[in-house]
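entry_35.txt (compact mmCIF, N, CA and C atoms) appears below.
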```txt
# COMPACT_ATOMS: atom_id res chain seq x y z
N MET B 23 126.02 148.87 270.12
CA MET B 23 127.40 148.46 270.30
C MET B 23 127.58 147.08 269.67
N THR B 24 128.59 146.93 268.83
CA THR B 24 128.85 145.68 268.15
C THR B 24 130.04 144.99 268.81
N THR B 25 129.88 143.69 269.08
CA THR B 25 130.96 142.92 269.66
C THR B 25 131.52 141.99 268.60
N THR B 26 132.83 142.04 268.39
CA THR B 26 133.48 141.14 267.45
C THR B 26 133.93 139.90 268.20
N ILE B 27 133.49 138.74 267.74
CA ILE B 27 133.86 137.49 268.38
C ILE B 27 134.90 136.80 267.51
N PRO B 28 136.07 136.44 268.07
CA PRO B 28 137.12 135.80 267.28
C PRO B 28 136.68 134.46 266.69
N ASP B 29 137.42 133.99 265.66
CA ASP B 29 137.05 132.79 264.91
C ASP B 29 136.92 131.53 265.76
N LEU B 30 137.85 131.26 266.69
CA LEU B 30 137.75 130.06 267.53
C LEU B 30 136.47 130.08 268.35
N THR B 31 136.18 131.22 268.91
CA THR B 31 134.96 131.36 269.69
C THR B 31 133.75 131.19 268.79
N THR B 32 133.75 131.84 267.65
CA THR B 32 132.62 131.76 266.73
C THR B 32 132.35 130.34 266.31
N SER B 33 133.37 129.60 265.89
CA SER B 33 133.14 128.24 265.42
C SER B 33 132.63 127.34 266.54
N ALA B 34 133.14 127.51 267.75
CA ALA B 34 132.67 126.71 268.88
C ALA B 34 131.22 127.05 269.22
N LEU B 35 130.87 128.33 269.18
CA LEU B 35 129.50 128.74 269.47
C LEU B 35 128.52 128.27 268.40
N VAL B 36 128.94 128.35 267.13
CA VAL B 36 128.08 127.91 266.03
C VAL B 36 127.82 126.40 266.14
N GLU B 37 128.86 125.63 266.41
CA GLU B 37 128.69 124.17 266.54
C GLU B 37 127.80 123.82 267.73
N ALA B 38 128.04 124.47 268.86
CA ALA B 38 127.21 124.21 270.05
C ALA B 38 125.76 124.57 269.77
N ASP B 39 125.53 125.69 269.09
CA ASP B 39 124.18 126.12 268.78
C ASP B 39 123.49 125.14 267.83
N ALA B 40 124.24 124.55 266.91
CA ALA B 40 123.67 123.64 265.92
C ALA B 40 123.28 122.29 266.53
N TYR B 41 123.98 121.86 267.56
CA TYR B 41 123.77 120.50 268.08
C TYR B 41 123.30 120.43 269.53
N THR B 42 122.90 121.55 270.09
CA THR B 42 122.45 121.58 271.48
C THR B 42 121.01 122.06 271.56
N ALA B 43 120.21 121.38 272.38
CA ALA B 43 118.85 121.86 272.61
C ALA B 43 118.93 123.23 273.28
N HIS B 44 118.07 124.14 272.87
CA HIS B 44 118.16 125.53 273.33
C HIS B 44 117.27 125.77 274.54
N ASN B 45 117.75 125.35 275.71
CA ASN B 45 116.98 125.62 276.93
C ASN B 45 117.33 127.00 277.50
N TYR B 46 118.48 127.53 277.19
CA TYR B 46 118.82 128.92 277.50
C TYR B 46 120.01 129.31 276.65
N HIS B 47 120.32 130.60 276.60
CA HIS B 47 121.40 131.08 275.76
C HIS B 47 122.62 131.42 276.62
N PRO B 48 123.71 130.66 276.47
CA PRO B 48 124.90 130.94 277.28
C PRO B 48 125.61 132.22 276.83
N LEU B 49 126.49 132.67 277.68
CA LEU B 49 127.33 133.82 277.33
C LEU B 49 128.23 133.46 276.16
N PRO B 50 128.61 134.39 275.31
CA PRO B 50 129.47 134.08 274.16
C PRO B 50 130.95 133.95 274.56
N VAL B 51 131.21 133.06 275.51
CA VAL B 51 132.57 132.80 275.98
C VAL B 51 132.76 131.29 275.92
N VAL B 52 133.86 130.84 275.33
CA VAL B 52 134.14 129.41 275.20
C VAL B 52 135.36 129.09 276.05
N ILE B 53 135.12 128.41 277.17
CA ILE B 53 136.19 128.13 278.13
C ILE B 53 137.03 126.96 277.66
N ALA B 54 138.35 127.12 277.73
CA ALA B 54 139.28 126.06 277.34
C ALA B 54 140.08 125.54 278.52
N ASP B 55 140.25 126.37 279.56
CA ASP B 55 141.09 125.98 280.69
C ASP B 55 140.62 126.76 281.92
N ALA B 56 140.87 126.18 283.09
CA ALA B 56 140.46 126.86 284.31
C ALA B 56 141.36 126.42 285.46
N GLU B 57 141.61 127.35 286.37
CA GLU B 57 142.36 127.04 287.58
C GLU B 57 141.99 128.05 288.65
N GLY B 58 141.66 127.52 289.83
CA GLY B 58 141.26 128.39 290.92
C GLY B 58 139.99 129.13 290.56
N ALA B 59 140.00 130.44 290.72
CA ALA B 59 138.83 131.26 290.41
C ALA B 59 138.86 131.80 288.98
N TRP B 60 139.84 131.38 288.18
CA TRP B 60 140.03 131.95 286.85
C TRP B 60 139.74 130.94 285.76
N VAL B 61 139.13 131.40 284.67
CA VAL B 61 138.93 130.60 283.47
C VAL B 61 139.57 131.32 282.31
N THR B 62 140.03 130.55 281.32
CA THR B 62 140.65 131.12 280.12
C THR B 62 139.88 130.62 278.91
N ASP B 63 139.55 131.53 278.00
CA ASP B 63 138.78 131.11 276.83
C ASP B 63 139.71 130.61 275.73
N VAL B 64 139.10 130.13 274.64
CA VAL B 64 139.87 129.55 273.54
C VAL B 64 140.78 130.56 272.85
N ASP B 65 140.52 131.83 273.08
CA ASP B 65 141.35 132.88 272.48
C ASP B 65 142.37 133.45 273.46
N GLY B 66 142.50 132.82 274.64
CA GLY B 66 143.52 133.22 275.60
C GLY B 66 143.13 134.32 276.57
N ARG B 67 141.88 134.78 276.54
CA ARG B 67 141.44 135.81 277.49
C ARG B 67 141.07 135.15 278.81
N ARG B 68 141.49 135.79 279.92
CA ARG B 68 141.17 135.29 281.26
C ARG B 68 139.98 136.03 281.84
N TYR B 69 139.16 135.26 282.57
CA TYR B 69 137.99 135.82 283.24
C TYR B 69 137.97 135.33 284.68
N LEU B 70 137.52 136.17 285.58
CA LEU B 70 137.26 135.76 286.95
C LEU B 70 135.92 135.03 286.93
N ASP B 71 135.91 133.77 287.35
CA ASP B 71 134.70 132.95 287.30
C ASP B 71 133.81 133.27 288.49
N CYS B 72 132.91 134.20 288.29
CA CYS B 72 131.98 134.60 289.36
C CYS B 72 130.75 133.71 289.41
N LEU B 73 130.58 132.81 288.46
CA LEU B 73 129.44 131.90 288.48
C LEU B 73 129.72 130.65 289.30
N ALA B 74 130.97 130.22 289.38
CA ALA B 74 131.38 129.06 290.17
C ALA B 74 130.55 127.83 289.84
N GLY B 75 130.22 127.64 288.57
CA GLY B 75 129.44 126.47 288.17
C GLY B 75 128.12 126.39 288.91
N TYR B 76 127.49 127.55 289.14
CA TYR B 76 126.24 127.62 289.90
C TYR B 76 126.41 126.94 291.25
N SER B 77 127.50 127.17 291.89
CA SER B 77 127.91 126.71 293.22
C SER B 77 128.48 125.30 293.22
N ALA B 78 128.48 124.60 292.10
CA ALA B 78 129.09 123.26 292.05
C ALA B 78 130.61 123.36 292.13
N LEU B 79 131.16 124.51 291.79
CA LEU B 79 132.61 124.71 291.81
C LEU B 79 132.98 125.80 292.80
N ASN B 80 132.30 125.84 293.94
CA ASN B 80 132.57 126.93 294.87
C ASN B 80 133.94 126.82 295.53
N PHE B 81 134.68 125.73 295.29
CA PHE B 81 136.06 125.62 295.76
C PHE B 81 137.03 126.03 294.66
N GLY B 82 136.52 126.47 293.52
CA GLY B 82 137.37 126.84 292.40
C GLY B 82 137.64 125.64 291.50
N HIS B 83 138.37 125.90 290.45
CA HIS B 83 138.70 124.88 289.47
C HIS B 83 140.03 124.22 289.83
N ARG B 84 140.05 122.89 289.73
CA ARG B 84 141.28 122.10 289.80
C ARG B 84 142.07 122.28 291.10
N HIS B 85 141.41 122.40 292.24
CA HIS B 85 142.13 122.51 293.51
C HIS B 85 142.94 121.23 293.70
N PRO B 86 144.24 121.33 293.99
CA PRO B 86 145.10 120.14 294.06
C PRO B 86 144.62 119.07 295.04
N LYS B 87 144.10 119.44 296.19
CA LYS B 87 143.63 118.43 297.15
C LYS B 87 142.38 117.73 296.64
N LEU B 88 141.48 118.48 295.99
CA LEU B 88 140.27 117.87 295.46
C LEU B 88 140.59 116.97 294.26
N ILE B 89 141.52 117.40 293.42
CA ILE B 89 141.95 116.57 292.29
C ILE B 89 142.58 115.28 292.79
N ALA B 90 143.41 115.37 293.82
CA ALA B 90 144.07 114.18 294.38
C ALA B 90 143.03 113.22 294.96
N ALA B 91 142.05 113.74 295.68
CA ALA B 91 141.02 112.88 296.27
C ALA B 91 140.19 112.23 295.16
N ALA B 92 139.83 112.99 294.15
CA ALA B 92 139.05 112.43 293.03
C ALA B 92 139.86 111.37 292.30
N HIS B 93 141.13 111.65 292.06
CA HIS B 93 141.99 110.69 291.35
C HIS B 93 142.15 109.41 292.15
N GLU B 94 142.30 109.54 293.47
CA GLU B 94 142.42 108.36 294.33
C GLU B 94 141.17 107.48 294.21
N GLN B 95 140.00 108.12 294.21
CA GLN B 95 138.76 107.35 294.07
C GLN B 95 138.63 106.77 292.66
N LEU B 96 138.96 107.55 291.64
CA LEU B 96 138.86 107.07 290.26
C LEU B 96 139.79 105.89 290.00
N ASP B 97 140.91 105.83 290.72
CA ASP B 97 141.82 104.69 290.59
C ASP B 97 141.21 103.42 291.19
N ARG B 98 140.21 103.57 292.06
CA ARG B 98 139.58 102.42 292.70
C ARG B 98 138.28 102.03 292.01
N VAL B 99 137.33 102.96 291.95
CA VAL B 99 136.02 102.73 291.36
C VAL B 99 135.59 104.04 290.71
N THR B 100 135.26 103.99 289.42
CA THR B 100 134.86 105.21 288.74
C THR B 100 133.46 105.62 289.12
N LEU B 101 132.51 104.71 289.01
CA LEU B 101 131.12 105.03 289.27
C LEU B 101 130.37 103.73 289.51
N THR B 102 129.45 103.74 290.44
CA THR B 102 128.56 102.60 290.62
C THR B 102 127.13 103.09 290.59
N SER B 103 126.27 102.20 290.20
CA SER B 103 124.84 102.48 290.24
C SER B 103 124.38 102.42 291.69
N ARG B 104 123.26 103.07 291.98
CA ARG B 104 122.69 102.94 293.31
C ARG B 104 122.10 101.55 293.52
N ALA B 105 122.14 100.71 292.47
CA ALA B 105 121.74 99.30 292.62
C ALA B 105 122.74 98.57 293.50
N PHE B 106 123.92 99.16 293.69
CA PHE B 106 124.97 98.62 294.55
C PHE B 106 125.24 99.61 295.67
N VAL B 107 125.85 99.14 296.74
CA VAL B 107 126.38 100.01 297.79
C VAL B 107 127.89 99.88 297.71
N HIS B 108 128.59 100.99 297.59
CA HIS B 108 130.06 100.92 297.57
C HIS B 108 130.60 101.25 298.96
N ASP B 109 131.87 101.00 299.14
CA ASP B 109 132.45 101.09 300.49
C ASP B 109 132.52 102.50 301.06
N GLN B 110 132.37 103.52 300.24
CA GLN B 110 132.41 104.91 300.72
C GLN B 110 131.02 105.49 300.96
N PHE B 111 129.98 104.81 300.50
CA PHE B 111 128.63 105.37 300.55
C PHE B 111 128.12 105.51 301.98
N GLY B 112 128.20 104.46 302.77
CA GLY B 112 127.72 104.52 304.15
C GLY B 112 128.44 105.57 304.98
N PRO B 113 129.79 105.54 304.98
CA PRO B 113 130.50 106.57 305.74
C PRO B 113 130.19 107.99 305.27
N PHE B 114 130.07 108.19 303.94
CA PHE B 114 129.74 109.52 303.42
C PHE B 114 128.37 109.97 303.93
N CYS B 115 127.36 109.09 303.82
CA CYS B 115 126.01 109.45 304.27
C CYS B 115 125.97 109.71 305.77
N HIS B 116 126.71 108.90 306.53
CA HIS B 116 126.76 109.07 307.98
C HIS B 116 127.34 110.45 308.33
N GLU B 117 128.47 110.78 307.74
CA GLU B 117 129.11 112.08 308.02
C GLU B 117 128.27 113.24 307.53
N LEU B 118 127.63 113.09 306.37
CA LEU B 118 126.79 114.17 305.84
C LEU B 118 125.57 114.40 306.73
N ALA B 119 124.95 113.30 307.18
CA ALA B 119 123.79 113.43 308.07
C ALA B 119 124.19 114.12 309.36
N ALA B 120 125.36 113.74 309.92
CA ALA B 120 125.83 114.38 311.15
C ALA B 120 126.10 115.87 310.92
N LEU B 121 126.73 116.19 309.80
CA LEU B 121 127.03 117.58 309.47
C LEU B 121 125.74 118.41 309.33
N CYS B 122 124.71 117.81 308.73
CA CYS B 122 123.45 118.52 308.50
C CYS B 122 122.48 118.43 309.67
N GLY B 123 122.83 117.64 310.68
CA GLY B 123 121.95 117.49 311.83
C GLY B 123 120.67 116.75 311.50
N THR B 124 120.75 115.78 310.60
CA THR B 124 119.57 115.00 310.21
C THR B 124 119.82 113.52 310.47
N ASP B 125 118.75 112.76 310.46
CA ASP B 125 118.87 111.31 310.62
C ASP B 125 119.27 110.64 309.32
N LEU B 126 118.77 111.15 308.20
CA LEU B 126 118.97 110.52 306.90
C LEU B 126 119.37 111.55 305.85
N VAL B 127 120.09 111.10 304.84
CA VAL B 127 120.39 111.92 303.67
C VAL B 127 120.14 111.06 302.43
N LEU B 128 119.99 111.69 301.29
CA LEU B 128 119.81 110.96 300.05
C LEU B 128 120.59 111.67 298.94
N PRO B 129 121.85 111.29 298.76
CA PRO B 129 122.63 111.88 297.67
C PRO B 129 122.03 111.49 296.32
N MET B 130 122.02 112.42 295.39
CA MET B 130 121.49 112.13 294.07
C MET B 130 122.23 112.93 293.02
N ASN B 131 122.04 112.55 291.77
CA ASN B 131 122.77 113.15 290.66
C ASN B 131 122.02 114.27 289.97
N THR B 132 120.70 114.22 289.99
CA THR B 132 119.96 115.15 289.15
C THR B 132 118.76 115.75 289.87
N GLY B 133 118.27 116.82 289.31
CA GLY B 133 117.05 117.42 289.81
C GLY B 133 115.86 116.50 289.61
N ALA B 134 115.89 115.67 288.55
CA ALA B 134 114.79 114.73 288.32
C ALA B 134 114.67 113.76 289.48
N GLU B 135 115.80 113.29 290.00
CA GLU B 135 115.77 112.40 291.16
C GLU B 135 115.23 113.14 292.39
N ALA B 136 115.58 114.40 292.52
CA ALA B 136 115.10 115.18 293.66
C ALA B 136 113.59 115.36 293.58
N VAL B 137 113.07 115.65 292.39
CA VAL B 137 111.63 115.83 292.22
C VAL B 137 110.90 114.51 292.47
N GLU B 138 111.43 113.42 291.92
CA GLU B 138 110.81 112.11 292.13
C GLU B 138 110.75 111.77 293.62
N THR B 139 111.84 112.02 294.34
CA THR B 139 111.88 111.74 295.77
C THR B 139 110.91 112.64 296.52
N ALA B 140 110.83 113.90 296.14
CA ALA B 140 109.89 114.83 296.80
C ALA B 140 108.45 114.37 296.61
N ILE B 141 108.12 113.89 295.42
CA ILE B 141 106.76 113.39 295.16
C ILE B 141 106.47 112.17 296.03
N LYS B 142 107.44 111.26 296.12
CA LYS B 142 107.27 110.06 296.95
C LYS B 142 107.11 110.44 298.43
N LEU B 143 107.90 111.40 298.89
CA LEU B 143 107.77 111.84 300.29
C LEU B 143 106.42 112.50 300.55
N ALA B 144 105.98 113.31 299.60
CA ALA B 144 104.67 113.97 299.77
C ALA B 144 103.54 112.94 299.80
N ARG B 145 103.64 111.93 298.93
CA ARG B 145 102.63 110.88 298.94
C ARG B 145 102.64 110.12 300.26
N LYS B 146 103.84 109.77 300.76
CA LYS B 146 103.93 109.04 302.03
C LYS B 146 103.37 109.89 303.17
N TRP B 147 103.71 111.17 303.18
CA TRP B 147 103.17 112.07 304.21
C TRP B 147 101.65 112.11 304.13
N GLY B 148 101.13 112.19 302.91
CA GLY B 148 99.68 112.21 302.74
C GLY B 148 99.03 110.94 303.28
N TYR B 149 99.65 109.81 303.02
CA TYR B 149 99.10 108.54 303.52
C TYR B 149 99.17 108.47 305.03
N LEU B 150 100.34 108.80 305.59
CA LEU B 150 100.56 108.62 307.03
C LEU B 150 99.95 109.72 307.89
N VAL B 151 100.04 110.95 307.44
CA VAL B 151 99.61 112.09 308.27
C VAL B 151 98.18 112.52 307.97
N LYS B 152 97.84 112.59 306.72
CA LYS B 152 96.53 113.10 306.33
C LYS B 152 95.49 112.00 306.06
N GLY B 153 95.94 110.74 306.04
CA GLY B 153 95.00 109.65 305.81
C GLY B 153 94.47 109.58 304.40
N VAL B 154 95.24 110.07 303.43
CA VAL B 154 94.83 110.00 302.02
C VAL B 154 94.81 108.53 301.62
N PRO B 155 93.73 108.06 300.97
CA PRO B 155 93.70 106.65 300.55
C PRO B 155 94.75 106.36 299.49
N ALA B 156 95.26 105.15 299.50
CA ALA B 156 96.29 104.76 298.51
C ALA B 156 95.73 104.78 297.11
```
Show how you would write the structure in this file as structure tokens.
Amino acid sequence: MTTTIPDLTTSALVEADAYTAHNYHPLPVVIADAEGAWVTDVDGRRYLDCLAGYSALNFGHRHPKLIAAAHEQLDRVTLTSRAFVHDQFGPFCHELAALCGTDLVLPMNTGAEAVETAIKLARKWGYLVKGVPA
């Protein structure tokens, strides 16, 4: 079975393929717009987004309340390094810990940070619980 891919899609896929490291092969769909559970490609076809950004978008795309909350924060502070504590960090961590039933939480941006933290925790556990020499 042969699939014909329209020119806008083809050019976007060719450019992405030329300048992107190939860690996996995405579907041949080029998203241009999204709202709620629906995405629209560069050629105007609509798709039901069943991937939900691998759960990062499980509330759908562009929910008005989430956009308003993000915009309100972006009007105040766009981003800070963890070298600083911002005024929302403590309350967020407190509420998240309560929601999860834990004493502590550690928000992070990437899997690399998660792996680094897991290694540090495993080392600390080894020192404290198993008596592994430093």
Compile the contact shell of Val61 of chain B as a list in words: residues with an atom at most 10 Å away, counting only C-alpha atoms, same-chain residues fewer than 3 positions apart removed.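 Listed by chain and then number, they are Val52, Ile53, Ala54, Asp55, Ala56, Glu57, Gly58, Gly66, Arg67, Arg68, Tyr69, Leu70, Asp71, Cys72, Gly82 and His83 of chain B.
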Write out as AutoDock Vina command-line options an axis-aligned box for segment 75-91 of chain B: all of its atoms listed in the file, 6 Å added on each side, centre and edge lengths in Å with one decimal.
```
--center_x 135.7 --center_y 119.9 --center_z 292.7 --size_x 30.9 --size_y 27.4 --size_z 21.0
```
Residues of segment 40-127 of chain B in strand (DSSP E or B) according to DSSP, as a VMD selection string? chain B and resid 53 to 58 60 to 63 68 to 70 83
Those residues you just picked out, can you put them in a file as a PDB file, keeping the file's coordinate frame with N, CA and C atoms?
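Okay, out33.pdb is ready:
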```
ATOM      1  N   ILE B  53     135.120 128.410 277.170  1.00  0.00           N
ATOM      2  CA  ILE B  53     136.190 128.130 278.130  1.00  0.00           C
ATOM      3  C   ILE B  53     137.030 126.960 277.660  1.00  0.00           C
ATOM      4  N   ALA B  54     138.350 127.120 277.730  1.00  0.00           N
ATOM      5  CA  ALA B  54     139.280 126.060 277.340  1.00  0.00           C
ATOM      6  C   ALA B  54     140.080 125.540 278.520  1.00  0.00           C
ATOM      7  N   ASP B  55     140.250 126.370 279.560  1.00  0.00           N
ATOM      8  CA  ASP B  55     141.090 125.980 280.690  1.00  0.00           C
ATOM      9  C   ASP B  55     140.620 126.760 281.920  1.00  0.00           C
ATOM     10  N   ALA B  56     140.870 126.180 283.090  1.00  0.00           N
ATOM     11  CA  ALA B  56     140.460 126.860 284.310  1.00  0.00           C
ATOM     12  C   ALA B  56     141.360 126.420 285.460  1.00  0.00           C
ATOM     13  N   GLU B  57     141.610 127.350 286.370  1.00  0.00           N
ATOM     14  CA  GLU B  57     142.360 127.040 287.580  1.00  0.00           C
ATOM     15  C   GLU B  57     141.990 128.050 288.650  1.00  0.00           C
ATOM     16  N   GLY B  58     141.660 127.520 289.830  1.00  0.00           N
ATOM     17  CA  GLY B  58     141.260 128.390 290.920  1.00  0.00           C
ATOM     18  C   GLY B  58     139.990 129.130 290.560  1.00  0.00           C
ATOM     19  N   TRP B  60     139.840 131.380 288.180  1.00  0.00           N
ATOM     20  CA  TRP B  60     140.030 131.950 286.850  1.00  0.00           C
ATOM     21  C   TRP B  60     139.740 130.940 285.760  1.00  0.00           C
ATOM     22  N   VAL B  61     139.130 131.400 284.670  1.00  0.00           N
ATOM     23  CA  VAL B  61     138.930 130.600 283.470  1.00  0.00           C
ATOM     24  C   VAL B  61     139.570 131.320 282.310  1.00  0.00           C
ATOM     25  N   THR B  62     140.030 130.550 281.320  1.00  0.00           N
ATOM     26  CA  THR B  62     140.650 131.120 280.120  1.00  0.00           C
ATOM     27  C   THR B  62     139.880 130.620 278.910  1.00  0.00           C
ATOM     28  N   ASP B  63     139.550 131.530 278.000  1.00  0.00           N
ATOM     29  CA  ASP B  63     138.780 131.110 276.830  1.00  0.00           C
ATOM     30  C   ASP B  63     139.710 130.610 275.730  1.00  0.00           C
ATOM     31  N   ARG B  68     141.490 135.790 279.920  1.00  0.00           N
ATOM     32  CA  ARG B  68     141.170 135.290 281.260  1.00  0.00           C
ATOM     33  C   ARG B  68     139.980 136.030 281.840  1.00  0.00           C
ATOM     34  N   TYR B  69     139.160 135.260 282.570  1.00  0.00           N
ATOM     35  CA  TYR B  69     137.990 135.820 283.240  1.00  0.00           C
ATOM     36  C   TYR B  69     137.970 135.330 284.680  1.00  0.00           C
ATOM     37  N   LEU B  70     137.520 136.170 285.580  1.00  0.00           N
ATOM     38  CA  LEU B  70     137.260 135.760 286.950  1.00  0.00           C
ATOM     39  C   LEU B  70     135.920 135.030 286.930  1.00  0.00           C
ATOM     40  N   HIS B  83     138.370 125.900 290.450  1.00  0.00           N
ATOM     41  CA  HIS B  83     138.700 124.880 289.470  1.00  0.00           C
ATOM     42  C   HIS B  83     140.030 124.220 289.830  1.00  0.00           C
TER      43      HIS B  83
END
```
Atom-to-atom span, atom CA of Asn131 of chain B and atom CA of Ala59 of chain B, Å: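 Interatomic distance here is 24.2 Å.
Pairwise distance (atom CA of Leu128 of chain B, atom CA of His108 of chain B) equals 14.6 Å.
The space separating atom C of Gly153 of chain B from atom N of Val137 of chain B comes to 23.0 Å.
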I need the residues in segment 28-150 of chain B that are alpha helix (DSSP H) according to DSSP; give them as an MDAnalysis selection string. chainID B and resid 29:41 86:98 111:122 133:147
Written coordinates, all heavy atoms of segment 75-83 of chain B as a tab-separated table (two decimals), in the first residue's frame:
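Everything below was put into decode-v8.tsv:
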```
chain	number	residue	atom	x	y	z
B	75	GLY	N	0.58	13.82	24.16
B	75	GLY	CA	1.94	14.23	24.51
B	75	GLY	C	2.58	13.29	25.50
B	75	GLY	O	3.29	13.74	26.40
B	76	TYR	N	2.32	11.99	25.35
B	76	TYR	CA	2.82	10.98	26.29
B	76	TYR	C	2.45	11.35	27.71
B	76	TYR	O	3.26	11.31	28.62
B	76	TYR	CB	4.34	10.78	26.16
B	76	TYR	CG	4.77	10.39	24.78
B	76	TYR	CD1	5.54	11.25	24.01
B	76	TYR	CD2	4.40	9.18	24.24
B	76	TYR	CE1	5.94	10.90	22.73
B	76	TYR	CE2	4.79	8.81	22.95
B	76	TYR	CZ	5.56	9.69	22.21
B	76	TYR	OH	5.95	9.33	20.95
B	77	SER	N	1.25	11.78	27.91
B	77	SER	CA	0.59	12.14	29.16
B	77	SER	C	0.92	13.55	29.63
B	77	SER	O	0.36	14.02	30.61
B	77	SER	CB	0.86	11.14	30.29
B	77	SER	OG	2.12	11.36	30.88
B	78	ALA	N	1.81	14.27	28.96
B	78	ALA	CA	2.10	15.66	29.34
B	78	ALA	C	0.93	16.57	29.00
B	78	ALA	O	0.79	17.65	29.57
B	78	ALA	CB	3.37	16.15	28.64
B	79	LEU	N	0.08	16.15	28.08
B	79	LEU	CA	-1.07	16.95	27.67
B	79	LEU	C	-2.36	16.21	27.96
B	79	LEU	O	-3.31	16.27	27.19
B	79	LEU	CB	-1.00	17.26	26.17
B	79	LEU	CG	0.18	18.13	25.74
B	79	LEU	CD1	0.30	18.14	24.24
B	79	LEU	CD2	0.00	19.54	26.27
B	80	ASN	N	-2.42	15.54	29.10
B	80	ASN	CA	-3.62	14.75	29.38
B	80	ASN	C	-4.84	15.60	29.67
B	80	ASN	O	-5.93	15.09	29.80
B	80	ASN	CB	-3.36	13.72	30.49
B	80	ASN	CG	-2.86	14.36	31.76
B	80	ASN	OD1	-2.65	15.56	31.83
B	80	ASN	ND2	-2.64	13.55	32.76
B	81	PHE	N	-4.68	16.93	29.75
B	81	PHE	CA	-5.83	17.83	29.87
B	81	PHE	C	-6.23	18.37	28.51
B	81	PHE	O	-7.10	19.21	28.41
B	81	PHE	CB	-5.51	19.01	30.81
B	81	PHE	CG	-5.31	18.57	32.24
B	81	PHE	CD1	-4.06	18.58	32.80
B	81	PHE	CD2	-6.39	18.15	32.99
B	81	PHE	CE1	-3.88	18.17	34.11
B	81	PHE	CE2	-6.22	17.74	34.30
B	81	PHE	CZ	-4.96	17.75	34.87
B	82	GLY	N	-5.58	17.92	27.45
B	82	GLY	CA	-5.86	18.41	26.11
B	82	GLY	C	-5.01	19.62	25.78
B	82	GLY	O	-4.22	20.10	26.58
B	83	HIS	N	-5.19	20.10	24.58
B	83	HIS	CA	-4.44	21.24	24.09
B	83	HIS	C	-5.20	22.54	24.36
B	83	HIS	O	-6.40	22.62	24.15
B	83	HIS	CB	-4.22	21.12	22.57
B	83	HIS	CG	-3.45	19.90	22.18
B	83	HIS	ND1	-2.08	19.89	22.11
B	83	HIS	CD2	-3.86	18.66	21.84
B	83	HIS	CE1	-1.67	18.69	21.73
B	83	HIS	NE2	-2.74	17.93	21.57
```
